[in-house]
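Engineer: Data: coords.txt, compact mmCIF, C-alpha atoms and all ligand atoms.
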```txt
# COMPACT_ATOMS: atom_id res chain seq x y z
CA MET A 1 -3.98 -17.70 7.85
CA SER A 2 -3.88 -20.90 5.87
CA GLU A 3 -1.48 -21.29 2.97
CA ASP A 4 -4.33 -21.83 0.48
CA SER A 5 -5.90 -18.44 0.97
CA THR A 6 -2.62 -16.58 0.31
CA ILE A 7 -2.87 -14.55 -2.87
CA LEU A 8 0.36 -12.57 -2.64
CA HIS A 9 3.53 -13.57 -0.89
CA ILE A 10 6.45 -11.18 -0.92
CA ASP A 11 9.55 -13.00 0.17
CA GLY A 12 12.82 -11.33 1.10
CA LEU A 13 12.42 -8.48 -1.36
CA SER A 14 15.26 -5.94 -1.60
CA VAL A 15 15.33 -2.93 -3.92
CA GLU A 16 18.01 -0.25 -4.32
CA TYR A 17 18.01 3.05 -6.15
CA HIS A 18 21.34 3.86 -7.72
CA THR A 19 21.93 7.57 -7.98
CA ARG A 20 24.89 9.96 -8.30
CA HIS A 21 24.78 10.30 -4.52
CA GLY A 22 25.19 6.58 -3.95
CA SER A 23 22.91 3.61 -3.54
CA ALA A 24 19.80 3.94 -1.42
CA ARG A 25 18.42 0.70 -0.02
CA ALA A 26 14.71 1.46 -0.32
CA LEU A 27 13.58 -2.07 0.56
CA ASN A 28 15.64 -4.30 2.76
CA ASN A 29 14.61 -7.93 2.73
CA ILE A 30 10.91 -7.43 3.28
CA THR A 31 8.52 -10.35 3.68
CA PHE A 32 4.74 -10.38 4.05
CA SER A 33 1.66 -12.12 2.67
CA LEU A 34 -1.85 -11.09 1.71
CA ALA A 35 -4.82 -13.38 2.03
CA GLU A 36 -7.72 -13.42 -0.40
CA GLN A 37 -10.11 -10.54 0.23
CA GLU A 38 -7.85 -9.07 2.86
CA ILE A 39 -7.15 -5.36 3.13
CA PHE A 40 -3.52 -5.15 4.18
CA GLY A 41 -2.05 -1.81 5.21
CA LEU A 42 1.49 -0.56 4.69
CA VAL A 43 2.18 2.42 6.92
CA GLY A 44 5.26 4.52 7.59
CA GLU A 45 6.73 7.97 7.19
CA SER A 46 7.65 9.48 3.86
CA GLY A 47 10.55 7.63 2.25
CA SER A 48 10.04 4.37 4.17
CA GLY A 49 9.57 2.35 0.96
CA LYS A 50 5.79 1.99 0.66
CA SER A 51 5.40 3.11 -2.96
CA THR A 52 8.53 1.21 -3.97
CA THR A 53 6.84 -1.96 -2.71
CA ALA A 54 3.75 -1.37 -4.90
CA LYS A 55 5.83 -0.36 -7.93
CA THR A 56 7.96 -3.47 -7.60
CA ILE A 57 4.89 -5.72 -7.62
CA LEU A 58 3.70 -4.21 -10.91
CA GLN A 59 7.26 -3.70 -12.14
CA ILE A 60 6.83 -0.05 -12.89
CA LEU A 61 10.00 1.02 -11.06
CA PRO A 62 12.06 3.86 -12.53
CA GLU A 63 15.35 3.16 -14.34
CA ALA A 64 17.42 3.98 -11.27
CA ALA A 65 15.89 1.13 -9.31
CA GLU A 66 17.31 -2.33 -9.14
CA ILE A 67 15.73 -5.40 -7.60
CA GLU A 68 18.52 -6.93 -5.52
CA GLY A 69 16.73 -10.07 -4.49
CA GLY A 70 13.56 -11.76 -3.37
CA ARG A 71 10.41 -13.19 -4.85
CA ILE A 72 6.92 -11.86 -5.47
CA LEU A 73 4.61 -14.84 -5.56
CA PHE A 74 1.21 -13.92 -6.93
CA LYS A 75 -1.11 -16.93 -7.02
CA GLU A 76 2.12 -18.92 -6.67
CA GLU A 77 3.72 -17.46 -9.81
CA ASP A 78 6.90 -15.47 -9.20
CA LEU A 79 6.21 -12.17 -10.98
CA LEU A 80 9.92 -11.33 -10.92
CA THR A 81 10.68 -14.18 -13.30
CA LEU A 82 8.23 -12.95 -15.97
CA ASP A 83 9.15 -10.67 -18.83
CA GLU A 84 7.62 -7.29 -19.59
CA LYS A 85 5.23 -8.74 -22.17
CA GLU A 86 3.82 -11.34 -19.79
CA ILE A 87 3.41 -8.85 -16.94
CA ASN A 88 1.61 -6.48 -19.27
CA ARG A 89 -0.64 -9.09 -20.84
CA ASP A 90 -1.67 -11.00 -17.73
CA TYR A 91 -1.23 -8.74 -14.73
CA ARG A 92 -1.32 -4.97 -15.23
CA GLY A 93 -4.96 -4.01 -15.67
CA ASN A 94 -6.00 -7.64 -15.49
CA GLU A 95 -5.19 -9.53 -12.30
CA ILE A 96 -3.72 -6.47 -10.60
CA SER A 97 -4.81 -2.86 -10.77
CA MET A 98 -3.58 0.26 -9.03
CA VAL A 99 -5.00 3.55 -7.79
CA ILE A 100 -2.70 6.38 -6.80
CA GLN A 101 -2.85 9.59 -4.83
CA ASN A 102 -3.05 11.92 -7.76
CA PRO A 103 -5.70 10.94 -10.32
CA GLN A 104 -4.45 13.81 -12.51
CA ASN A 105 -1.38 11.72 -13.19
CA ALA A 106 -3.35 8.59 -13.95
CA LEU A 107 -6.17 10.10 -16.01
CA ASN A 108 -5.29 11.48 -19.40
CA PRO A 109 -6.63 15.05 -19.77
CA VAL A 110 -7.17 14.81 -23.55
CA PHE A 111 -9.43 11.75 -23.49
CA THR A 112 -12.97 11.43 -22.15
CA VAL A 113 -13.71 9.14 -19.22
CA LYS A 114 -15.47 6.81 -21.64
CA GLU A 115 -12.45 6.55 -23.93
CA GLN A 116 -10.24 5.77 -20.96
CA LEU A 117 -12.56 3.18 -19.45
CA LEU A 118 -12.98 1.44 -22.79
CA ASP A 119 -9.25 1.49 -23.32
CA VAL A 120 -8.78 -0.36 -20.03
CA MET A 121 -11.50 -2.83 -20.99
CA LYS A 122 -10.01 -3.56 -24.40
CA HIS A 123 -6.80 -4.52 -22.68
CA ASN A 124 -8.65 -6.73 -20.19
CA LYS A 125 -9.24 -10.42 -20.78
CA GLY A 126 -12.78 -10.36 -19.41
CA TYR A 127 -14.13 -8.12 -22.17
CA GLN A 128 -12.70 -9.71 -25.30
CA ALA A 129 -16.11 -11.03 -26.37
CA MET A 130 -17.95 -7.73 -25.95
CA ASN A 131 -18.65 -5.17 -28.63
CA LYS A 132 -18.29 -1.45 -28.09
CA LYS A 133 -21.93 -0.91 -27.18
CA GLN A 134 -21.84 -3.64 -24.54
CA MET A 135 -18.59 -2.32 -23.14
CA THR A 136 -20.04 1.19 -22.93
CA GLU A 137 -23.07 -0.10 -21.07
CA ARG A 138 -20.85 -1.92 -18.61
CA ALA A 139 -18.68 1.18 -18.16
CA VAL A 140 -21.73 3.36 -17.42
CA GLU A 141 -22.96 0.77 -14.96
CA MET A 142 -19.59 0.73 -13.23
CA LEU A 143 -19.46 4.52 -12.89
CA ALA A 144 -22.93 4.40 -11.34
CA GLU A 145 -21.78 1.66 -8.97
CA MET A 146 -18.96 3.94 -7.92
CA GLY A 147 -21.48 6.60 -6.98
CA ILE A 148 -21.29 8.87 -10.02
CA ALA A 149 -24.74 10.35 -10.65
CA GLU A 150 -25.98 10.66 -14.22
CA ALA A 151 -23.25 8.32 -15.33
CA GLU A 152 -24.70 7.99 -18.81
CA SER A 153 -24.01 11.60 -19.68
CA ARG A 154 -20.98 12.11 -17.46
CA ILE A 155 -19.09 9.29 -19.09
CA GLY A 156 -18.62 11.53 -22.12
CA GLU A 157 -16.88 14.23 -20.09
CA TYR A 158 -13.18 14.97 -19.64
CA PRO A 159 -11.34 14.44 -16.35
CA HIS A 160 -11.12 18.19 -15.57
CA GLN A 161 -14.92 18.32 -15.46
CA PHE A 162 -14.86 16.10 -12.36
CA SER A 163 -14.07 17.22 -8.79
CA GLY A 164 -11.17 15.62 -6.88
CA GLY A 165 -13.41 13.12 -5.12
CA MET A 166 -15.27 12.30 -8.34
CA LYS A 167 -11.97 11.75 -10.17
CA GLN A 168 -11.01 9.26 -7.50
CA ARG A 169 -14.37 7.49 -8.09
CA VAL A 170 -13.53 7.35 -11.80
CA MET A 171 -10.13 5.87 -10.88
CA LEU A 172 -11.83 3.24 -8.74
CA ALA A 173 -14.20 2.46 -11.62
CA MET A 174 -11.18 1.97 -13.89
CA ALA A 175 -9.54 -0.24 -11.28
CA PHE A 176 -12.57 -2.41 -10.47
CA ILE A 177 -13.75 -2.78 -14.05
CA CYS A 178 -10.67 -4.99 -14.48
CA ASN A 179 -12.17 -7.30 -11.89
CA PRO A 180 -8.73 -7.54 -10.30
CA SER A 181 -7.74 -10.11 -7.70
CA LEU A 182 -5.40 -7.55 -6.19
CA LEU A 183 -5.72 -3.78 -5.92
CA LEU A 184 -2.70 -1.67 -5.07
CA ALA A 185 -3.94 1.54 -3.46
CA ASP A 186 -1.15 4.09 -2.97
CA GLU A 187 -2.48 6.93 -0.80
CA PRO A 188 -5.66 7.26 -2.90
CA THR A 189 -7.34 9.64 -0.46
CA THR A 190 -4.41 11.73 0.75
CA ALA A 191 -5.28 14.77 -1.39
CA LEU A 192 -8.97 14.77 -0.40
CA ASP A 193 -10.66 16.53 2.49
CA VAL A 194 -11.83 14.34 5.37
CA THR A 195 -15.50 14.10 4.45
CA ILE A 196 -14.78 13.06 0.88
CA GLU A 197 -12.02 10.76 2.14
CA ALA A 198 -14.50 8.95 4.41
CA GLN A 199 -16.86 8.44 1.46
CA ILE A 200 -14.12 7.04 -0.75
CA LEU A 201 -12.91 4.69 1.99
CA GLN A 202 -16.45 3.43 2.46
CA LEU A 203 -16.79 2.92 -1.29
CA LEU A 204 -13.50 1.04 -1.35
CA ARG A 205 -14.60 -1.27 1.46
CA ASN A 206 -17.92 -2.03 -0.26
CA SER A 207 -16.24 -2.61 -3.63
CA VAL A 208 -13.69 -4.98 -2.15
CA ASP A 209 -16.53 -7.11 -0.78
CA LYS A 210 -18.45 -6.96 -4.04
CA PHE A 211 -15.54 -7.78 -6.34
CA ASN A 212 -13.67 -10.18 -3.99
CA THR A 213 -10.49 -8.17 -4.26
CA SER A 214 -7.47 -8.15 -1.95
CA VAL A 215 -5.99 -4.75 -1.31
CA LEU A 216 -2.51 -3.53 -0.46
CA TYR A 217 -3.39 -0.18 1.10
CA ILE A 218 -0.55 2.31 1.38
CA THR A 219 -0.77 5.36 3.60
CA HIS A 220 1.22 7.41 6.09
CA ASP A 221 -2.02 8.03 8.00
CA LEU A 222 -2.74 5.69 10.91
CA SER A 223 -6.34 6.84 11.19
CA VAL A 224 -6.93 5.58 7.63
CA ILE A 225 -5.21 2.31 8.55
CA LYS A 226 -7.59 1.94 11.48
CA GLU A 227 -10.57 2.69 9.27
CA VAL A 228 -9.96 0.27 6.39
CA THR A 229 -7.37 -2.41 7.00
CA ASP A 230 -7.55 -5.92 8.47
CA ARG A 231 -3.81 -6.30 9.07
CA THR A 232 -0.96 -3.84 8.94
CA ALA A 233 2.77 -3.79 8.35
CA VAL A 234 4.69 -0.84 9.75
CA MET A 235 7.67 0.22 7.62
CA TYR A 236 10.70 2.15 8.72
CA ALA A 237 13.62 3.05 6.45
CA GLY A 238 13.06 0.14 4.08
CA ASN A 239 12.34 -2.46 6.74
CA ILE A 240 9.13 -3.93 8.06
CA VAL A 241 9.40 -3.41 11.81
CA GLU A 242 6.02 -4.81 12.85
CA ILE A 243 3.15 -6.83 11.39
CA ALA A 244 -0.09 -7.48 13.25
CA PRO A 245 -3.86 -7.54 12.97
CA THR A 246 -4.77 -3.86 12.79
CA GLU A 247 -6.56 -3.77 16.18
CA GLU A 248 -3.39 -5.08 17.84
CA ILE A 249 -1.26 -2.42 16.18
CA PHE A 250 -3.33 0.05 18.16
CA SER A 251 -4.04 -1.93 21.34
CA GLU A 252 -0.63 -3.54 21.76
CA PRO A 253 1.92 -1.78 19.57
CA GLY A 254 5.21 -3.63 20.01
CA HIS A 255 7.87 -1.63 18.20
CA PRO A 256 9.01 1.70 19.66
CA TYR A 257 8.48 3.25 16.22
CA THR A 258 4.87 2.02 16.06
CA ARG A 259 4.30 3.41 19.54
CA GLY A 260 5.75 6.71 18.45
CA LEU A 261 3.47 6.85 15.41
CA ILE A 262 0.42 6.14 17.54
CA ARG A 263 1.35 8.87 19.99
CA CYS A 264 1.44 11.23 17.01
CA ILE A 265 -2.19 10.66 16.02
CA PRO A 266 -4.10 13.86 16.76
CA GLY A 267 -6.49 13.36 19.64
CA SER A 268 -4.72 10.30 21.02
CA SER A 269 -2.53 12.27 23.38
CA GLU A 270 -3.63 14.15 26.49
CA ARG A 271 -1.73 17.13 25.22
CA ASP A 272 -4.28 17.23 22.47
CA LYS A 273 -3.34 20.60 21.06
CA ILE A 274 0.33 19.95 20.51
CA LEU A 275 0.94 17.29 17.91
CA PRO A 276 3.89 15.28 19.16
CA THR A 277 6.43 14.07 16.63
CA ILE A 278 9.01 11.35 16.88
CA PRO A 279 12.28 13.17 17.57
CA GLY A 280 15.14 12.83 15.11
CA ARG A 281 15.23 12.08 11.42
CA VAL A 282 14.85 8.95 9.36
CA ALA A 283 18.19 7.22 8.80
CA SER A 284 19.80 8.01 5.47
CA LEU A 285 19.23 5.09 3.12
CA THR A 286 22.58 5.69 1.45
CA ASP A 287 24.42 5.38 4.75
CA LEU A 288 22.53 2.95 6.94
CA PRO A 289 23.89 2.04 10.39
CA PRO A 290 25.00 -1.58 10.96
CA GLY A 291 22.40 -2.13 13.66
CA CYS A 292 18.76 -1.16 14.01
CA ASN A 293 17.78 1.65 11.60
CA PHE A 294 15.64 3.20 14.33
CA TYR A 295 18.43 3.28 16.94
CA ASP A 296 19.15 7.01 16.59
CA ARG A 297 15.57 7.91 17.37
CA CYS A 298 14.80 5.24 19.94
CA GLU A 299 14.51 5.96 23.68
CA HIS A 300 15.17 2.34 24.55
CA GLY A 301 18.25 1.56 22.48
CA GLN A 302 21.03 -0.55 23.97
CA LYS A 303 24.39 -1.81 22.77
CA VAL A 304 22.97 -4.80 20.91
CA CYS A 305 20.73 -2.47 18.88
CA GLN A 306 23.79 -0.74 17.48
CA LYS A 307 25.47 -3.97 16.46
CA LYS A 308 22.88 -6.13 14.74
CA GLN A 309 19.76 -5.66 12.68
CA PRO A 310 16.76 -6.99 14.55
CA GLN A 311 14.64 -9.47 12.56
CA LEU A 312 10.88 -9.90 12.81
CA GLU A 313 10.06 -12.30 15.62
CA GLN A 314 6.74 -13.63 16.75
CA ALA A 315 5.36 -11.70 19.72
CA ASP A 316 1.92 -13.22 19.64
CA ASP A 317 -0.29 -15.15 17.24
CA GLY A 318 0.07 -13.33 13.91
CA HIS A 319 1.95 -10.47 15.59
CA TYR A 320 5.61 -9.94 14.66
CA VAL A 321 8.02 -7.32 15.94
CA ALA A 322 11.61 -6.55 14.94
CA CYS A 323 13.08 -5.15 18.15
CA PHE A 324 15.70 -6.52 20.56
CA ARG A 325 14.02 -4.66 23.40
CA TYR A 326 10.54 -5.98 22.69
CA GLU A 327 10.27 -8.38 25.63
CA TYR A 328 11.56 -5.87 28.12
CA LEU A 329 9.25 -3.16 26.79
CA SER A 330 6.16 -5.35 26.76
CA SER A 331 6.73 -6.49 30.34
CA GLU A 332 7.13 -2.85 31.32
CA VAL A 333 3.77 -2.02 29.74
CA LYS A 334 2.08 -4.91 31.58
CA GLN A 335 3.41 -3.69 34.95
CA GLN A 336 1.90 -0.24 34.48
N1 LIG A 401 13.29 7.59 -8.52
C1 LIG A 401 14.06 7.50 -7.43
N2 LIG A 401 15.38 7.70 -7.50
C2 LIG A 401 16.16 7.60 -6.39
N3 LIG A 401 15.71 7.29 -5.18
C3 LIG A 401 14.39 7.07 -5.04
C4 LIG A 401 13.50 7.17 -6.14
N4 LIG A 401 12.25 6.89 -5.70
C5 LIG A 401 12.36 6.66 -4.37
N5 LIG A 401 13.64 6.76 -3.97
C6 LIG A 401 14.15 6.54 -2.60
O1 LIG A 401 13.56 5.37 -2.06
C7 LIG A 401 13.06 5.60 -0.76
C8 LIG A 401 11.67 5.05 -0.66
O2 LIG A 401 10.79 5.81 -1.48
P1 LIG A 401 9.26 5.47 -1.60
O3 LIG A 401 8.67 6.37 -2.62
O4 LIG A 401 9.07 4.03 -1.77
O5 LIG A 401 8.72 5.88 -0.15
P2 LIG A 401 7.25 6.06 0.41
O6 LIG A 401 7.20 5.32 1.70
O7 LIG A 401 6.25 5.71 -0.63
O8 LIG A 401 7.19 7.62 0.74
P3 LIG A 401 6.03 8.71 0.53
O9 LIG A 401 5.14 8.58 1.73
O10 LIG A 401 6.76 10.00 0.51
O11 LIG A 401 5.32 8.41 -0.76
C9 LIG A 401 13.11 7.11 -0.52
O12 LIG A 401 13.92 7.35 0.59
C10 LIG A 401 13.71 7.70 -1.74
O13 LIG A 401 14.85 8.45 -1.40
NI NI A 402 4.83 6.80 -1.66
```
Could I get this structure in the form of structure tokens?

Structural biologist:
Amino acid sequence: MSEDSTILHIDGLSVEYHTRHGSARALNNITFSLAEQEIFGLVGESGSGKSTTAKTILQILPEAAEIEGGRILFKEEDLLTLDEKEINRDYRGNEISMVIQNPQNALNPVFTVKEQLLDVMKHNKGYQAMNKKQMTERAVEMLAEMGIAEAESRIGEYPHQFSGGMKQRVMLAMAFICNPSLLLADEPTTALDVTIEAQILQLLRNSVDKFNTSVLYITHDLSVIKEVTDRTAVMYAGNIVEIAPTEEIFSEPGHPYTRGLIRCIPGSSERDKILPTIPGRVASLTDLPPGCNFYDRCEHGQKVCQKKQPQLEQADDGHYVACFRYEYLSSEVKQQ
């Protein structure tokens, strides 16, 4: 990936939540980049830091969170150096938009879809010259583009009049009407059944091509990762443990945690009926071990893994793995 096509570069980002029970290091020095028009996946179990990453980019973290260090370069501007007013004016709902798992939380039940779409448009730089009639026409057009039939009449309805899948289409309309350079998608299809999910993922792919958007796609579901993303970062307990083109994540997973996740995909194991899980529990973020966070659950751990934190190292072109045992494990795979 050439430097020029990088739209987002997250560099050494660390975030902690300070609570009565202590400080939880939700992000520990994470680094990755997104290219223009790339769909980049962030995958990991619950609590690994995926949503915190997205919230930090848009700076919508809760009070308890503190950014301990790092940079978020978006089109070469460090978003962490901007104040609330600048972020709001230039980025949220302009350059960057977000869709989340639960449209109920993002759509306001007391306003119609039209009122909410127009509200987004009023805030957006691209629509300053339009009057209300023109904006309404554009909004109807956008709903239709997102696959909502009879958009002209449906735009006057309230969110509860839409099904779950249709609400997510409305959310995508609100996101893409901003003509964003970057879309943050935080588990947007997790609450949907598989058929609807497949339709929404297809719609997302098409829209990304049409609007030239880059996407940070967050999910705990590797089958969704396989379906939509170009590259993927695997997160474990606040660390990125592997980054690779998505095919390689599946064909040559390097980190023992990635391998464990892949073994857990239904249908990928011979013992099809029993869904294997990775034994053990995620390390407590308030009391992290000095060495590798995955050590307690790893079958391959050795002394060194208990002492030092492994850093991401290049395993192949564009493929990075943070594991001291990587070379040994990959040679073992090749001998099989
Ligand atoms: N508001 C909060 N206050 C305190 N700790 C928090 C808060 N939000 C998140 N955390 C901690 O930060 C860690 C990362 O949370 P985050 O929501 O980023 O994970 P995630 O990967 O998105 O998980 P999920 O798949 O469940 O959405 C969690 O372990 C959690 O304990
Ligand atoms: Ni989350």

Engineer: Report, in Å with one decimal, the straight-line distance from CA of Val15 in chain A to CA of His255 in chain A.

Structural biologist: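 If I compute the distance from CA of Val15 in chain A to CA of His255 in chain A, I get 23.4 Å.
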
Engineer: How would you report the residues lying within 8 Å of ligand LIG 401 (chain A), as a short mmCIF file (atom, residue, chain, number, x, y, z; two decimals) with C-alpha atoms, keeping the file's coordinate frame, if you count only C-alpha atoms and all ligand atoms?

Structural biologist:
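Okay, this is what ended up in pocket_0.cif:
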```
data_model
loop_
_atom_site.label_atom_id
_atom_site.label_comp_id
_atom_site.auth_asym_id
_atom_site.auth_seq_id
_atom_site.Cartn_x
_atom_site.Cartn_y
_atom_site.Cartn_z
CA GLU A 16 18.01 -0.25 -4.32
CA TYR A 17 18.01 3.05 -6.15
CA HIS A 18 21.34 3.86 -7.72
CA THR A 19 21.93 7.57 -7.98
CA ALA A 24 19.80 3.94 -1.42
CA ARG A 25 18.42 0.70 -0.02
CA ALA A 26 14.71 1.46 -0.32
CA LEU A 27 13.58 -2.07 0.56
CA VAL A 43 2.18 2.42 6.92
CA GLY A 44 5.26 4.52 7.59
CA GLU A 45 6.73 7.97 7.19
CA SER A 46 7.65 9.48 3.86
CA GLY A 47 10.55 7.63 2.25
CA SER A 48 10.04 4.37 4.17
CA GLY A 49 9.57 2.35 0.96
CA LYS A 50 5.79 1.99 0.66
CA SER A 51 5.40 3.11 -2.96
CA THR A 52 8.53 1.21 -3.97
CA THR A 53 6.84 -1.96 -2.71
CA LEU A 61 10.00 1.02 -11.06
CA PRO A 62 12.06 3.86 -12.53
CA GLU A 63 15.35 3.16 -14.34
CA ALA A 64 17.42 3.98 -11.27
CA ALA A 65 15.89 1.13 -9.31
CA ASP A 186 -1.15 4.09 -2.97
CA GLU A 187 -2.48 6.93 -0.80
CA ILE A 218 -0.55 2.31 1.38
CA THR A 219 -0.77 5.36 3.60
CA HIS A 220 1.22 7.41 6.09
CA MET A 235 7.67 0.22 7.62
CA ALA A 237 13.62 3.05 6.45
CA GLY A 238 13.06 0.14 4.08
CA SER A 284 19.80 8.01 5.47
CA LEU A 285 19.23 5.09 3.12
#
```

Engineer: Of the candidates A:Tyr217, A:Tyr158, A:Phe74, A:Tyr326, which shows the shortest atom-to-atom distance to ligand NI 402 (chain A), using only C-alpha atoms and all ligand atoms?

Structural biologist: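 Smallest separation from ligand NI 402 (chain A) among the options: A:Tyr217.
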
Engineer: Which residues are near Pro289 in chain A? Cut-off 12 Å, only C-alpha atoms, ignore same chain within fewer than 3 positions. Put them as a PyMOL selection string.

Structural biologist: chain A and resi 25+237+282-286+292-296+305-309

Engineer: Could you check which residues have any atom within 12 Å of (-23.9, 2.2, -22.1), counting only C-alpha atoms with coordinates taken straight from the file, and then list them as a PyMOL selection string?

Structural biologist: chain A and resi 114+117-118+131-144+150-156

Engineer: Find the residues near range 81-96 of chain A: any atom within 6 Å, counting only C-alpha atoms, skip ones fewer than 6 places away on the same chain, and give them as a list in words.

Structural biologist: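 Final neighbour list, sorted by chain and number: Asn124, Cys178, Pro180, Ser181, Leu182 and Leu183 of chain A.
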
Engineer: What is the distance, in Å and to one decimal place, between CA of Glu76 in chain A and CA of Leu184 in chain A?

Structural biologist: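 Value for the CA of Glu76 in chain A-CA of Leu184 in chain A distance: 18.0 Å.
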